[in-house]
$ cat protein.txt   # compact mmCIF, C-alpha atoms and all ligand atoms
# COMPACT_ATOMS: atom_id res chain seq x y z
CA MET A 1 -6.71 -4.84 -17.55
CA ILE A 2 -8.84 -2.40 -15.62
CA GLU A 3 -8.74 1.05 -17.11
CA PHE A 4 -9.74 4.33 -15.47
CA GLU A 5 -10.24 7.13 -18.01
CA ASP A 6 -10.76 10.60 -16.54
CA VAL A 7 -12.81 9.12 -13.72
CA THR A 8 -14.42 11.56 -11.32
CA LYS A 9 -16.59 11.11 -8.25
CA ARG A 10 -18.44 14.08 -6.91
CA TYR A 11 -20.62 13.20 -3.91
CA PRO A 12 -24.05 14.83 -3.67
CA ASP A 13 -22.75 17.35 -1.10
CA GLY A 14 -20.21 18.59 -3.65
CA THR A 15 -17.15 16.79 -2.28
CA VAL A 16 -14.88 15.79 -5.13
CA ALA A 17 -13.42 12.52 -3.83
CA VAL A 18 -11.78 11.47 -7.10
CA ASP A 19 -10.72 13.95 -9.73
CA ASN A 20 -9.99 12.98 -13.31
CA LEU A 21 -8.23 9.77 -12.44
CA SER A 22 -6.66 7.94 -15.36
CA LEU A 23 -4.63 4.76 -14.94
CA ARG A 24 -4.27 1.24 -16.26
CA ILE A 25 -4.31 -1.65 -13.82
CA PRO A 26 -2.55 -4.63 -15.43
CA SER A 27 -4.14 -8.08 -15.28
CA GLY A 28 -2.67 -10.77 -13.07
CA GLN A 29 -0.80 -8.33 -10.85
CA ILE A 30 -1.28 -6.54 -7.54
CA THR A 31 -1.91 -2.81 -7.88
CA VAL A 32 -2.01 -0.81 -4.67
CA PHE A 33 -3.80 2.50 -4.10
CA VAL A 34 -2.07 4.34 -1.30
CA GLY A 35 -2.32 7.85 0.10
CA PRO A 36 -3.30 9.85 3.14
CA SER A 37 -6.69 9.56 4.81
CA GLY A 38 -9.51 10.95 2.69
CA CYS A 39 -7.59 10.99 -0.59
CA GLY A 40 -10.20 8.88 -2.37
CA LYS A 41 -8.71 5.38 -2.23
CA THR A 42 -11.86 3.60 -1.10
CA THR A 43 -14.03 5.60 -3.48
CA SER A 44 -11.75 4.68 -6.39
CA LEU A 45 -11.82 1.00 -5.43
CA ARG A 46 -15.56 0.83 -4.95
CA MET A 47 -16.26 2.46 -8.29
CA ILE A 48 -14.76 -0.68 -9.87
CA ASN A 49 -17.53 -2.93 -8.53
CA ARG A 50 -20.05 -0.10 -8.66
CA THR A 51 -20.84 -0.13 -4.97
CA ILE A 52 -20.13 3.55 -5.58
CA GLU A 53 -21.19 4.95 -8.95
CA ARG A 54 -18.78 7.34 -10.64
CA THR A 55 -20.07 10.72 -11.80
CA GLY A 56 -17.68 11.19 -14.71
CA GLY A 57 -15.31 9.32 -17.00
CA ARG A 58 -15.18 5.63 -17.85
CA ILE A 59 -14.01 2.43 -16.17
CA SER A 60 -13.55 -0.71 -18.23
CA ILE A 61 -12.46 -4.26 -17.49
CA ASP A 62 -10.74 -5.96 -20.40
CA GLY A 63 -12.10 -3.28 -22.69
CA GLU A 64 -15.71 -3.68 -21.57
CA ASP A 65 -17.37 -0.71 -19.87
CA ILE A 66 -18.41 -1.80 -16.36
CA ASN A 67 -21.77 -0.12 -16.96
CA SER A 68 -22.52 -2.43 -19.87
CA LYS A 69 -23.88 -5.09 -17.50
CA ASP A 70 -26.02 -4.80 -14.41
CA ALA A 71 -24.24 -4.10 -11.16
CA VAL A 72 -25.19 -7.40 -9.46
CA THR A 73 -23.79 -9.52 -12.30
CA LEU A 74 -20.65 -7.36 -12.35
CA ARG A 75 -20.13 -7.83 -8.59
CA ARG A 76 -20.45 -11.60 -8.74
CA GLY A 77 -17.40 -11.65 -10.96
CA ILE A 78 -15.36 -9.47 -8.63
CA GLY A 79 -14.10 -10.63 -5.22
CA TYR A 80 -14.25 -8.04 -2.46
CA VAL A 81 -12.42 -8.11 0.87
CA ILE A 82 -12.78 -5.38 3.48
CA GLN A 83 -11.35 -4.47 6.87
CA HIS A 84 -12.76 -6.69 9.65
CA ALA A 85 -13.58 -9.20 6.88
CA GLY A 86 -17.29 -8.26 6.84
CA LEU A 87 -18.32 -11.88 7.38
CA PHE A 88 -21.94 -12.85 7.96
CA PRO A 89 -22.10 -13.39 11.73
CA HIS A 90 -24.94 -15.94 11.62
CA LYS A 91 -23.22 -18.18 9.05
CA THR A 92 -20.47 -20.66 9.80
CA VAL A 93 -17.03 -20.15 8.30
CA VAL A 94 -17.59 -22.69 5.52
CA ASP A 95 -21.03 -21.25 4.73
CA ASN A 96 -19.55 -17.77 4.55
CA VAL A 97 -17.05 -18.96 1.96
CA ALA A 98 -19.82 -20.76 0.04
CA THR A 99 -22.00 -17.65 -0.24
CA VAL A 100 -21.35 -16.71 -3.87
CA PRO A 101 -21.17 -20.28 -5.26
CA LYS A 102 -24.58 -20.87 -3.64
CA LEU A 103 -25.95 -17.73 -5.27
CA LEU A 104 -24.58 -19.00 -8.56
CA GLY A 105 -26.48 -22.26 -8.05
CA TRP A 106 -23.51 -24.62 -7.79
CA ASP A 107 -24.37 -28.05 -6.45
CA LYS A 108 -23.93 -28.54 -2.73
CA ARG A 109 -21.09 -31.02 -2.79
CA LYS A 110 -18.98 -29.01 -5.23
CA THR A 111 -19.63 -25.83 -3.25
CA ARG A 112 -18.53 -27.37 0.03
CA ALA A 113 -15.48 -29.03 -1.48
CA THR A 114 -14.44 -25.73 -3.06
CA ALA A 115 -14.99 -23.85 0.21
CA MET A 116 -12.89 -26.34 2.20
CA GLU A 117 -10.13 -26.28 -0.39
CA LEU A 118 -10.03 -22.49 -0.30
CA LEU A 119 -9.90 -22.40 3.49
CA GLU A 120 -6.91 -24.69 3.32
CA ARG A 121 -5.25 -22.53 0.68
CA VAL A 122 -5.55 -19.38 2.77
CA GLY A 123 -3.95 -21.22 5.66
CA LEU A 124 -6.96 -21.71 7.93
CA ASP A 125 -7.10 -24.75 10.17
CA LEU A 126 -10.02 -26.79 8.80
CA LYS A 127 -11.14 -27.57 12.34
CA LEU A 128 -12.43 -24.00 12.37
CA ALA A 129 -14.72 -24.49 9.37
CA GLU A 130 -17.87 -25.05 11.41
CA ARG A 131 -17.27 -22.14 13.78
CA TYR A 132 -18.99 -18.76 13.59
CA PRO A 133 -16.93 -15.65 12.75
CA ALA A 134 -17.10 -14.31 16.32
CA GLN A 135 -15.27 -17.45 17.45
CA LEU A 136 -12.23 -16.61 15.31
CA SER A 137 -9.32 -14.22 15.80
CA GLY A 138 -9.10 -11.11 13.62
CA GLY A 139 -6.38 -12.68 11.48
CA GLN A 140 -8.40 -15.87 11.01
CA GLN A 141 -11.44 -13.83 10.02
CA GLN A 142 -9.40 -12.04 7.38
CA ARG A 143 -8.30 -15.38 5.94
CA VAL A 144 -11.95 -16.41 5.69
CA GLY A 145 -12.69 -13.07 4.02
CA VAL A 146 -10.04 -13.76 1.39
CA ALA A 147 -11.31 -17.33 0.86
CA ARG A 148 -14.86 -16.02 0.46
CA ALA A 149 -13.75 -13.44 -2.10
CA LEU A 150 -11.99 -16.16 -4.11
CA ALA A 151 -14.83 -18.69 -3.95
CA ALA A 152 -16.34 -18.03 -7.37
CA ASP A 153 -12.86 -17.77 -8.89
CA PRO A 154 -13.21 -14.12 -9.94
CA ALA A 155 -10.59 -12.66 -12.25
CA VAL A 156 -10.55 -9.47 -10.21
CA MET A 157 -10.24 -9.07 -6.47
CA LEU A 158 -10.69 -5.77 -4.63
CA MET A 159 -9.17 -5.51 -1.16
CA ASP A 160 -9.90 -2.46 1.02
CA GLU A 161 -7.45 -2.18 3.92
CA PRO A 162 -7.95 -5.91 4.57
CA PHE A 163 -5.07 -6.24 7.03
CA SER A 164 -5.31 -2.93 8.89
CA ALA A 165 -7.21 -4.17 11.91
CA VAL A 166 -4.77 -6.92 12.94
CA ASP A 167 -1.55 -6.63 14.91
CA PRO A 168 1.74 -6.12 13.01
CA ILE A 169 2.92 -9.74 13.33
CA VAL A 170 -0.34 -11.19 12.01
CA ARG A 171 -0.44 -8.51 9.32
CA ASN A 172 3.00 -9.54 8.18
CA GLN A 173 1.89 -13.20 7.98
CA LEU A 174 -1.24 -12.27 6.03
CA GLN A 175 0.83 -10.19 3.60
CA GLU A 176 3.28 -13.05 3.05
CA GLU A 177 0.42 -15.45 2.46
CA LEU A 178 -1.29 -13.13 0.02
CA LEU A 179 1.94 -12.97 -1.99
CA ARG A 180 2.31 -16.75 -1.85
CA LEU A 181 -1.33 -17.24 -2.88
CA GLN A 182 -1.00 -14.71 -5.69
CA ARG A 183 1.96 -16.64 -7.13
CA ASP A 184 -0.50 -19.53 -7.64
CA ILE A 185 -3.67 -17.74 -8.61
CA GLY A 186 -2.40 -14.69 -10.54
CA LYS A 187 -5.54 -12.60 -10.00
CA THR A 188 -5.91 -8.95 -10.89
CA ILE A 189 -5.83 -7.54 -7.37
CA VAL A 190 -6.53 -3.92 -6.47
CA PHE A 191 -5.49 -3.29 -2.90
CA VAL A 192 -6.14 -0.16 -0.83
CA THR A 193 -3.94 0.80 2.10
CA HIS A 194 -2.74 3.96 3.85
CA ASP A 195 0.50 2.18 4.78
CA ILE A 196 3.30 2.88 2.29
CA ASP A 197 5.34 -0.07 3.58
CA GLU A 198 2.45 -2.42 2.86
CA ALA A 199 2.08 -0.84 -0.60
CA ILE A 200 5.76 -1.32 -1.37
CA LYS A 201 5.78 -4.88 -0.12
CA LEU A 202 2.67 -6.07 -1.94
CA GLY A 203 2.39 -3.94 -5.05
CA ASP A 204 3.65 -4.79 -8.50
CA ASN A 205 2.48 -1.24 -9.14
CA VAL A 206 1.60 1.49 -6.68
CA ALA A 207 -0.74 4.42 -7.32
CA VAL A 208 -0.03 7.24 -4.88
CA LEU A 209 -3.06 9.48 -4.50
CA ARG A 210 -3.08 12.93 -2.98
CA THR A 211 -5.99 14.59 -1.21
CA GLY A 212 -8.73 15.49 -3.64
CA GLY A 213 -8.39 12.16 -5.43
CA LYS A 214 -5.61 13.19 -7.80
CA LEU A 215 -2.99 10.74 -8.97
CA ALA A 216 0.45 11.81 -7.76
CA GLN A 217 2.43 8.88 -9.22
CA PHE A 218 1.80 5.44 -10.66
CA ALA A 219 4.88 3.24 -10.74
CA PRO A 220 6.43 -0.02 -9.57
CA PRO A 221 7.68 0.29 -5.95
CA ALA A 222 11.37 0.37 -6.88
CA GLU A 223 10.78 3.32 -9.18
CA LEU A 224 8.66 5.09 -6.59
CA LEU A 225 11.50 4.86 -4.11
CA ALA A 226 14.23 5.74 -6.59
CA ASN A 227 12.42 8.54 -8.46
CA PRO A 228 9.53 10.07 -6.52
CA ALA A 229 7.61 12.33 -8.89
CA ASP A 230 7.43 15.32 -6.53
CA ASP A 231 7.82 16.50 -2.93
CA PHE A 232 4.47 15.02 -1.92
CA VAL A 233 5.47 11.51 -3.04
CA ARG A 234 8.98 11.99 -1.63
CA GLY A 235 7.49 12.90 1.74
CA PHE A 236 5.02 10.06 1.59
CA VAL A 237 7.53 7.31 0.80
CA GLY A 238 9.69 8.53 3.68
CA GLN A 239 13.19 9.62 4.52
CA ASP A 240 14.78 6.18 4.38
CA ARG A 241 13.66 5.46 0.83
CA GLY A 242 17.24 4.92 -0.33
CA TYR A 243 17.75 2.12 2.16
CA ARG A 244 14.33 0.60 1.43
CA ALA A 245 15.01 0.70 -2.30
CA LEU A 246 17.77 -1.84 -1.69
CA THR A 247 14.99 -4.42 -1.28
CA PHE A 248 14.64 -4.34 -5.06
CA VAL A 249 18.33 -4.68 -5.90
CA HIS A 250 19.32 -8.31 -6.33
CA PRO A 251 22.98 -8.56 -7.24
CA ASP A 252 23.78 -12.14 -8.21
CA ASP A 253 27.50 -11.51 -8.46
CA LEU A 254 28.20 -9.99 -5.05
CA PRO A 255 31.86 -10.97 -4.46
CA LEU A 256 32.32 -12.95 -1.26
CA LYS A 257 35.34 -12.99 0.99
CA PRO A 258 36.53 -16.27 2.52
CA LEU A 259 35.13 -17.25 5.90
CA PRO A 260 37.19 -15.62 8.66
CA SER A 261 38.58 -17.75 11.48
CA ASP A 262 36.56 -15.95 14.17
CA LEU A 263 33.25 -17.10 12.62
CA ILE A 264 32.06 -20.16 14.55
CA LEU A 265 30.42 -22.94 12.55
CA ASP A 266 28.58 -26.03 13.76
CA ASP A 267 29.44 -29.53 12.55
CA GLY A 268 27.29 -29.08 9.45
CA GLY A 269 29.00 -25.81 8.49
CA ALA A 270 26.13 -23.54 9.60
CA PRO A 271 27.25 -20.28 11.22
CA VAL A 272 26.35 -19.95 14.90
CA GLY A 273 28.18 -16.84 16.16
CA TRP A 274 31.41 -14.93 16.42
CA ARG A 275 34.38 -15.21 18.73
CA ILE A 276 35.92 -11.77 18.62
CA ASP A 277 39.10 -10.49 20.34
CA THR A 278 39.85 -13.86 21.93
CA ALA A 279 36.95 -13.33 24.35
CA ASP A 280 35.43 -16.57 25.62
CA GLU A 281 31.93 -15.42 25.12
CA ILE A 282 30.35 -16.19 21.76
CA GLN A 283 28.77 -13.14 20.18
CA PRO A 284 25.46 -13.49 18.32
CA LEU A 285 25.64 -14.05 14.60
CA GLY A 286 23.39 -11.28 13.31
CA SER A 287 21.19 -11.82 10.29
CA VAL A 288 22.44 -13.84 7.32
CA PHE A 289 21.65 -13.66 3.62
CA THR A 290 21.66 -15.99 0.65
CA ARG A 291 22.88 -15.61 -2.93
CA GLY A 292 20.15 -13.87 -4.89
CA ASP A 293 18.80 -12.10 -1.78
CA SER A 294 18.34 -8.36 -1.98
CA LEU A 295 21.14 -5.93 -1.29
CA ARG A 296 19.09 -4.84 1.72
CA ALA A 297 19.40 -8.35 3.19
CA ALA A 298 23.17 -8.25 2.60
CA LEU A 299 23.47 -4.80 4.18
CA ASP A 300 21.30 -5.90 7.12
CA ALA A 301 23.66 -8.82 7.64
CA VAL A 302 26.65 -6.45 7.71
CA LEU A 303 24.96 -3.99 10.07
CA THR A 304 23.71 -6.60 12.53
CA SER A 305 26.94 -8.57 12.71
CA PRO A 306 29.25 -7.77 15.66
CA SER A 307 32.22 -8.31 13.33
CA GLY A 308 30.94 -5.96 10.63
CA LEU A 309 30.96 -8.92 8.23
CA GLY A 310 27.66 -10.21 6.86
CA VAL A 311 27.50 -13.98 6.43
CA CYS A 312 26.21 -15.50 3.19
CA VAL A 313 24.70 -18.99 3.51
CA ASP A 314 23.64 -21.55 0.92
CA ALA A 315 20.29 -23.31 0.64
CA ASP A 316 21.37 -25.78 3.34
CA SER A 317 22.24 -22.93 5.75
CA ARG A 318 25.98 -23.54 5.38
CA ALA A 319 28.21 -20.46 5.47
CA VAL A 320 29.78 -19.85 2.07
CA GLY A 321 31.46 -16.46 2.51
CA VAL A 322 31.16 -13.00 3.98
CA VAL A 323 30.74 -9.44 2.74
CA ASP A 324 31.77 -6.15 4.31
CA GLN A 325 30.40 -2.63 3.93
CA ALA A 326 32.80 -1.85 1.09
CA ILE A 327 31.49 -4.75 -0.99
CA VAL A 328 27.88 -3.66 -0.48
CA ALA A 329 28.77 -0.04 -1.27
CA GLU A 330 30.56 -1.12 -4.45
CA ALA A 331 27.46 -3.08 -5.56
CA LEU A 332 25.45 0.11 -5.16
CA ARG A 333 27.44 2.05 -7.72
CA PRO A 334 25.41 2.65 -10.86
N1 LIG B 401 -20.94 9.47 1.02
C1 LIG B 401 -20.11 10.53 1.01
N2 LIG B 401 -20.58 11.80 0.92
C2 LIG B 401 -19.75 12.86 0.89
N3 LIG B 401 -18.41 12.75 0.95
C3 LIG B 401 -17.88 11.52 1.04
C4 LIG B 401 -18.69 10.35 1.09
N4 LIG B 401 -17.88 9.26 1.20
C5 LIG B 401 -16.61 9.74 1.21
N5 LIG B 401 -16.62 11.10 1.13
C6 LIG B 401 -15.46 11.99 1.10
O1 LIG B 401 -14.68 11.69 -0.05
C7 LIG B 401 -13.29 11.79 0.22
C8 LIG B 401 -12.61 10.48 -0.10
O2 LIG B 401 -13.09 9.48 0.77
P1 LIG B 401 -12.54 7.98 0.71
O3 LIG B 401 -13.26 7.17 1.73
O4 LIG B 401 -12.57 7.51 -0.69
O5 LIG B 401 -11.02 8.20 1.14
P2 LIG B 401 -9.90 7.19 1.60
O6 LIG B 401 -8.66 7.63 0.90
O7 LIG B 401 -10.33 5.80 1.37
O8 LIG B 401 -9.79 7.52 3.14
P3 LIG B 401 -9.41 6.60 4.44
O9 LIG B 401 -7.99 6.18 4.24
O10 LIG B 401 -9.56 7.57 5.57
O11 LIG B 401 -10.38 5.47 4.46
C9 LIG B 401 -13.18 12.21 1.68
O12 LIG B 401 -13.06 13.60 1.73
C10 LIG B 401 -14.52 11.80 2.25
O13 LIG B 401 -14.88 12.60 3.35
$ encode --input "protein.txt" --output "structure tokens"
Amino acid sequence: MIEFEDVTKRYPDGTVAVDNLSLRIPSGQITVFVGPSGCGKTTSLRMINRTIERTGGRISIDGEDINSKDAVTLRRGIGYVIQHAGLFPHKTVVDNVATVPKLLGWDKRKTRATAMELLERVGLDLKLAERYPAQLSGGQQQRVGVARALAADPAVMLMDEPFSAVDPIVRNQLQEELLRLQRDIGKTIVFVTHDIDEAIKLGDNVAVLRTGGKLAQFAPPAELLANPADDFVRGFVGQDRGYRALTFVHPDDLPLKPLPSDLILDDGGAPVGWRIDTADEIQPLGSVFTRGDSLRAALDAVLTSPSGLGVCVDADSRAVGVVDQAIVAEALRP
């Protein structure tokens, strides 16, 4: 656990970037700092690895004050990923990843093997290992940045807007892969973003900061959406928070109706579209959902289906039943 106790940062010009921040960041989970520009997210993050020194309060990792060891030793045990990856331009991809293991004096073969394994784990084509960072796309560079941060197997990883500089499709892929990777590695990740959707998608817990570096709310995403602490948080999470909160509702007993005759199935029983009102033309299917999916997926299926019926499929993509708006609404009742 990383603990902030009354942590303050006052810059030499008098700016109070972080004001009496107290929170507990659980181990093995992703905690996201989110808030408007200038609210002190980066300052809070960088005080953890002491690239910025706090001016008040205490920060500890697993009970040990981060000031009890020297800053360089502390940093070697903490992975750090920043926007634009911050790779060394004159080092190849594999050498970038090997930076910290080399500093730690690992033998060459082990270092290279570890670096290649990590590149594979973050989804980078190994053919790119001998390239220089400038010869990679932004998304590929970010993957290398993540691999480099993981190279010495740190328990803690700090990520400062790591996916902000890539286009939305690549960002989505990188987010998915971070979640997949985290299921394997279970690191304590502190992630900074100004994007509330990214915070809600990635965070086990989300700390919403307001300008002046004050904590507005610290809660799991579902709670943030369901019970924003005040008008600031309510405004920040957005108008459609009710709909987005459905992402976290997973009814496993959603009653299904039998498949209607105007749903067209292929030979294997997979839904392909709708034939509505005896028209010849086949209408597109809309999105589908599976048992155990979120209520949002079920509602999406209803809303995108030309028949108003959302199709539920099994693990083999075979249609097993449909739901209508009334069924979804009923599942929403407390
Ligand atoms: N070296 C510095 N000297 C003085 N003030 C600073 C310094 N660095 C940051 N600040 C100020 O501290 C406040 C918090 O900055 P910080 O970079 O932590 O915010 P942020 O939430 O990460 O912002 P952004 O989302 O725009 O990156 C801002 O008002 C900023 O101008």
$ residues_around --input "protein.txt" --residues "A:His250" --least-positions-apart "3" --cutoff "8 Å" --atoms "all atoms listed in the file" --output "NGL selection string"
:A and (247 or 292-295)
$ residues_near_ligand --input "protein.txt" --ligand "ligand LIG 401 (chain B)" --cutoff "10 Å" --atoms "only C-alpha atoms and all ligand atoms" --output "PyMOL selection string"
chain A and resi 9-18+33-47+52+160-161+192-195+209-213
$ atom_distance --input "protein.txt" --atom1 "atom CA of A:Leu263" --atom2 "atom CA of A:Val249"
26.8 Å
$ closest_residue --input "protein.txt" --among "A:Pro258, A:Pro220, A:Tyr243, A:Ser307" --to "A:Ala329" --atoms "all atoms listed in the file"
A:Tyr243
$ closest_residue --input "protein.txt" --among "A:Leu265, A:Phe163, A:Leu23, A:Gly123" --to "A:Arg180" --atoms "all atoms listed in the file"
A:Gly123
$ closest_residue --input "protein.txt" --among "A:Ser261, A:Gly242, A:Pro89, A:Phe4" --to "A:Leu136" --atoms "all atoms listed in the file"
A:Pro89
$ closest_residue --input "protein.txt" --among "A:Asn67, A:Asn227, A:Gln175, A:Thr304" --to "A:Lys201" --atoms "all atoms listed in the file"
A:Gln175
$ closest_residue --input "protein.txt" --among "A:Lys110, A:Arg58, A:Lys257, A:Arg24" --to "A:Ala207" --atoms "all atoms listed in the file"
A:Arg24
$ atom_distance --input "protein.txt" --atom1 "atom CA of A:Leu303" --atom2 "atom CA of A:Leu225"
21.5 Å
$ atom_distance --input "protein.txt" --atom1 "atom CA of A:Val328" --atom2 "atom CA of A:Pro251"
9.7 Å
$ closest_residue --input "protein.txt" --among "A:Asn205, A:Gln182, A:Ser317, A:Gln83" --to "A:Leu224" --atoms "only C-alpha atoms"
A:Asn205
$ residues_around --input "protein.txt" --residues "A:Pro260" --least-positions-apart "4" --cutoff "12 Å" --atoms "all atoms listed in the file" --output "PyMOL selection string"
chain A and resi 256+264-265+271+273-276+307-311+319-324
$ residues_near_point --input "protein.txt" --point "(-15.5, -17.8, -4.9)" --cutoff "12 Å" --atoms "only C-alpha atoms" --output "JSON, numbers by chain"
{"A": [75, 76, 77, 78, 79, 80, 81, 94, 95, 96, 97, 98, 99, 100, 101, 102, 103, 104, 106, 110, 111, 112, 113, 114, 115, 116, 117, 118, 119, 144, 145, 146, 147, 148, 149, 150, 151, 152, 153, 154, 155, 156, 157]}
$ axis_aligned_box --input "protein.txt" --around "stretch 216-224 of chain A" --padding-each-side "8 Å" --output "JSON"
{"center_x": 5.9, "center_y": 5.9, "center_z": -8.3, "size_x": 26.9, "size_y": 27.8, "size_z": 20.8}
$ residues_around --input "protein.txt" --residues "A:Gln135" --least-positions-apart "4" --cutoff "10 Å" --atoms "all atoms listed in the file" --output "PyMOL selection string"
chain A and resi 89+92-93+128+131+140-141
$ residues_around --input "protein.txt" --residues "A:Arg183" --least-positions-apart "4" --cutoff "10 Å" --atoms "only C-alpha atoms" --output "NGL selection string"
:A and (28-29 or 177-179 or 187)
$ residues_around --input "protein.txt" --residues "A:Ile30" --least-positions-apart "2" --cutoff "8 Å" --atoms "only C-alpha atoms" --output "PyMOL selection string"
chain A and resi 28+32+187-191+202-205
$ decode --input "protein.txt" --residues "stretch 134-157 of chain A" --atoms "N, CA and C atoms" --output "compact mmCIF listing (two decimals), in the first residue's frame"
# COMPACT_ATOMS: atom_id res chain seq x y z
N ALA A 134 12.50 6.50 -32.84
CA ALA A 134 11.92 7.36 -33.89
C ALA A 134 11.36 6.55 -35.05
N GLN A 135 11.75 5.27 -35.12
CA GLN A 135 11.25 4.42 -36.21
C GLN A 135 9.99 3.65 -35.81
N LEU A 136 9.41 4.04 -34.69
CA LEU A 136 8.17 3.37 -34.22
C LEU A 136 7.01 4.36 -34.23
N SER A 137 5.79 3.82 -34.27
CA SER A 137 4.61 4.67 -34.11
C SER A 137 4.47 5.08 -32.65
N GLY A 138 3.61 6.07 -32.40
CA GLY A 138 3.40 6.53 -31.03
C GLY A 138 2.92 5.40 -30.13
N GLY A 139 1.99 4.60 -30.63
CA GLY A 139 1.45 3.49 -29.83
C GLY A 139 2.52 2.45 -29.54
N GLN A 140 3.37 2.18 -30.53
CA GLN A 140 4.46 1.20 -30.32
C GLN A 140 5.45 1.74 -29.28
N GLN A 141 5.73 3.04 -29.37
CA GLN A 141 6.65 3.64 -28.39
C GLN A 141 6.10 3.51 -26.97
N GLN A 142 4.79 3.70 -26.83
CA GLN A 142 4.20 3.57 -25.50
C GLN A 142 4.34 2.16 -24.97
N ARG A 143 4.18 1.18 -25.86
CA ARG A 143 4.36 -0.22 -25.42
C ARG A 143 5.78 -0.44 -24.91
N VAL A 144 6.75 0.13 -25.63
CA VAL A 144 8.15 0.00 -25.20
C VAL A 144 8.33 0.68 -23.84
N GLY A 145 7.68 1.83 -23.69
CA GLY A 145 7.75 2.55 -22.41
C GLY A 145 7.24 1.70 -21.26
N VAL A 146 6.14 1.00 -21.50
CA VAL A 146 5.58 0.13 -20.45
C VAL A 146 6.54 -1.04 -20.18
N ALA A 147 7.07 -1.63 -21.25
CA ALA A 147 8.02 -2.75 -21.08
C ALA A 147 9.24 -2.28 -20.29
N ARG A 148 9.72 -1.09 -20.62
CA ARG A 148 10.91 -0.58 -19.91
C ARG A 148 10.61 -0.40 -18.42
N ALA A 149 9.42 0.14 -18.13
CA ALA A 149 9.07 0.38 -16.73
C ALA A 149 8.95 -0.93 -15.95
N LEU A 150 8.61 -2.01 -16.66
CA LEU A 150 8.41 -3.29 -15.98
C LEU A 150 9.69 -4.12 -15.87
N ALA A 151 10.76 -3.65 -16.53
CA ALA A 151 11.94 -4.50 -16.73
C ALA A 151 12.55 -5.02 -15.43
N ALA A 152 12.61 -4.19 -14.42
CA ALA A 152 13.24 -4.65 -13.17
C ALA A 152 12.20 -5.22 -12.22
N ASP A 153 11.02 -5.53 -12.76
CA ASP A 153 9.93 -6.13 -11.99
C ASP A 153 9.60 -5.32 -10.74
N PRO A 154 9.35 -4.03 -10.89
CA PRO A 154 9.05 -3.21 -9.71
C PRO A 154 7.66 -3.55 -9.17
N ALA A 155 7.48 -3.38 -7.87
CA ALA A 155 6.16 -3.64 -7.29
C ALA A 155 5.20 -2.51 -7.63
N VAL A 156 5.77 -1.32 -7.86
CA VAL A 156 4.96 -0.13 -8.10
C VAL A 156 5.25 0.43 -9.48
N MET A 157 4.20 0.83 -10.16
CA MET A 157 4.41 1.47 -11.47
C MET A 157 3.61 2.77 -11.51
